[in-house]
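To start, the structure itself, in structure tokens.
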Amino acid sequence: MTDTRHGPDQLNRDAQFLPQTTDDQRPALRVGDVLVCAYWKPGPLLQVSIDTSDLAAEFPDNPPMQVALNDGIVYQLPAPTADGGGAAVCALDDRSLFQQLALTEYTELYGGAGFDYPIAVLVAEIDLRIPGGLERLAAHFDKHDAGDVVRAWFTHPAALLAIARAG
């Protein structure tokens with residue numbers, strides 16, 4: 001078993017890439033006792049999986065982790081604090097704050113339960129930091145669907161933050 005409490009730099013330096021060598025394998029990265037697979041499926045669909053089962057003795061409920069998509073955190077364990085996410089939302093930078101809002105709204109629009117941060121808490125923090133910013137962005141996205149908004153936050157966040165801050 002890998003002792004993840006000590007030596008994260010060494011664990012990272014010892015990481016191994018495991019290429020796909022047969023049809024029943026997938027390319028992966030092994031970092032300590034964690035296996036991260038990333039591969040393409042027909043569609044095309046990018047499949048990413050994280051196997052932490054070798055850490056079950058040390059972390060029965062999975063290790064603390066953050067999963068990011070283009071620098072926006074889309075999953076965090078442990079989840080934000082019991083204060084409704086307020087403290088965790090305050091800790092987000094502006095870019096991550098807007099990305100979380102876009103992802104949460106998109107998820108809820110399509111029947112999901114959202115991510116770690118409630119929409120109301122995200123909106124309140126944005127209104128506090130950038131008064132009128134959400135209205136400026138709503139006008140910018142007037143003719144776009146939710147998918148366009150999410151893609152925009154992950155591909156052009158600096159431009160969208162400039163729109164929100166203009167005023």
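Each chain of the structure tokens is named A, B, ... in the order shown, its residues numbered from 1; ligands are numbered from 1 in display order.
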
Each stretch 51-143 of chain A residue no farther than 6 Å from stretch 24-44 of chain A, nearest pair in Å, only C-alpha atoms, as JSON lines:
```
{"residue": "A:Asp51", "atom": "CA", "partner": "A:Leu35", "partner_atom": "CA", "distance": 5.1}
{"residue": "A:Thr52", "atom": "CA", "partner": "A:Val34", "partner_atom": "CA", "distance": 5.1}
{"residue": "A:Asp54", "atom": "CA", "partner": "A:Asp33", "partner_atom": "CA", "distance": 5.7}
```

Find the residues around A:Asp127 up to 12 Å (only C-alpha atoms counted), leave out those fewer than 6 positions away in its own chain, and share them as a CSV table (one decimal) with N, CA and C atoms, in the first residue's frame.
```csv
chain,number,residue,atom,x,y,z
A,94,ASP,N,-12.6,34.0,-9.2
A,94,ASP,CA,-13.7,34.4,-10.0
A,94,ASP,C,-14.0,33.4,-11.1
A,97,LEU,N,-15.6,30.3,-9.8
A,97,LEU,CA,-16.9,30.7,-9.4
A,97,LEU,C,-17.9,30.6,-10.5
A,98,PHE,N,-17.6,31.3,-11.6
A,98,PHE,CA,-18.5,31.3,-12.8
A,98,PHE,C,-18.5,29.9,-13.5
A,120,ALA,N,-27.9,29.2,-5.6
A,120,ALA,CA,-28.1,30.4,-4.8
A,120,ALA,C,-26.9,31.0,-4.1
A,121,VAL,N,-26.0,30.1,-3.6
A,121,VAL,CA,-24.8,30.5,-3.0
A,121,VAL,C,-23.8,31.1,-4.0
A,133,GLY,N,-22.8,41.8,-12.9
A,133,GLY,CA,-22.0,40.9,-13.8
A,133,GLY,C,-22.9,39.8,-14.4
A,134,LEU,N,-23.8,39.3,-13.6
A,134,LEU,CA,-24.7,38.2,-14.2
A,134,LEU,C,-25.6,38.8,-15.2
A,135,GLU,N,-26.1,40.0,-15.0
A,135,GLU,CA,-27.0,40.6,-16.0
A,135,GLU,C,-26.3,40.8,-17.3
A,136,ARG,N,-25.0,41.3,-17.2
A,136,ARG,CA,-24.2,41.5,-18.4
A,136,ARG,C,-24.0,40.2,-19.2
A,164,ALA,N,-18.4,40.3,-17.7
A,164,ALA,CA,-19.0,40.4,-16.4
A,164,ALA,C,-18.6,41.6,-15.7
A,165,ARG,N,-17.3,41.9,-15.8
A,165,ARG,CA,-16.7,43.0,-15.0
A,165,ARG,C,-16.9,44.4,-15.7
```

Could you give me, as a ChimeraX atom specification, the residues within 12 Å of A:Thr155, counting only C-alpha atoms and dropping anything in the same chain fewer than 5 positions from it? /A:69-72,95,99,148-150,160-161

How would the residues just chosen look if you wrote them out with C-alpha atoms as a CSV table (one decimal), in the first residue's frame?
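Result file is result33.csv:
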```
chain,number,residue,atom,x,y,z
A,69,LEU,CA,-12.1,19.9,-16.2
A,70,ASN,CA,-10.0,22.6,-18.0
A,71,ASP,CA,-9.0,24.0,-14.6
A,72,GLY,CA,-12.6,24.2,-13.3
A,95,ARG,CA,-13.1,32.1,-12.9
A,99,GLN,CA,-17.5,27.8,-14.1
A,148,ASP,CA,-22.9,26.9,-25.2
A,149,VAL,CA,-22.6,28.6,-21.9
A,150,VAL,CA,-20.7,25.7,-20.3
A,160,LEU,CA,-16.4,36.2,-20.3
A,161,LEU,CA,-15.0,37.6,-17.0
```

Please report the interatomic distance between atom CA of A:Ala152 and atom CA of A:Ser96 in Å with one decimal. 12.9 Å

Enumerate, as a PyMOL selection string, the complete set of residues in chain A that a backbone-based DSSP assignment places in strand (DSSP E). chain A and resi 16-18+28-31+34-41+45-51+65-69+72-77

Using the chain letters and numbers from this document, which residues of stretch 37-97 of chain A does DSSP assign to helix (DSSP H, G or I), as a PyMOL selection string? chain A and resi 53-55+86-91+94-97

For the selection just defined, write its residues with C-alpha atoms to a file, as a JSON list (two decimals), in the first residue's frame.
```json
[["chain", "number", "residue", "atom", "x", "y", "z"],
["A", 53, "SER", "CA", -9.81, 0.63, -4.78],
["A", 54, "ASP", "CA", -6.20, -0.10, -3.76],
["A", 55, "LEU", "CA", -6.50, 2.72, -1.21],
["A", 86, "GLY", "CA", -20.72, 29.41, 1.59],
["A", 87, "ALA", "CA", -17.18, 29.15, 2.95],
["A", 88, "ALA", "CA", -16.05, 26.98, 0.05],
["A", 89, "VAL", "CA", -17.64, 29.30, -2.51],
["A", 90, "CYS", "CA", -15.86, 32.30, -0.97],
["A", 91, "ALA", "CA", -12.56, 30.46, -1.49],
["A", 94, "ASP", "CA", -13.73, 34.40, -10.00],
["A", 95, "ARG", "CA", -13.05, 32.05, -12.91],
["A", 96, "SER", "CA", -13.89, 28.93, -10.87],
["A", 97, "LEU", "CA", -16.93, 30.65, -9.38]]
```

Nearest to A:Trp153 among A:Tyr110, A:Ile126, A:Phe17, A:Leu103, with distances taken over only C-alpha atoms: which residue is it?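 Distance minimum relative to A:Trp153 lands on A:Leu103.
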
Distance atom CA of A:Leu77-atom CA of A:Pro60, one decimal place?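 These two atoms are separated by 12.8 Å.
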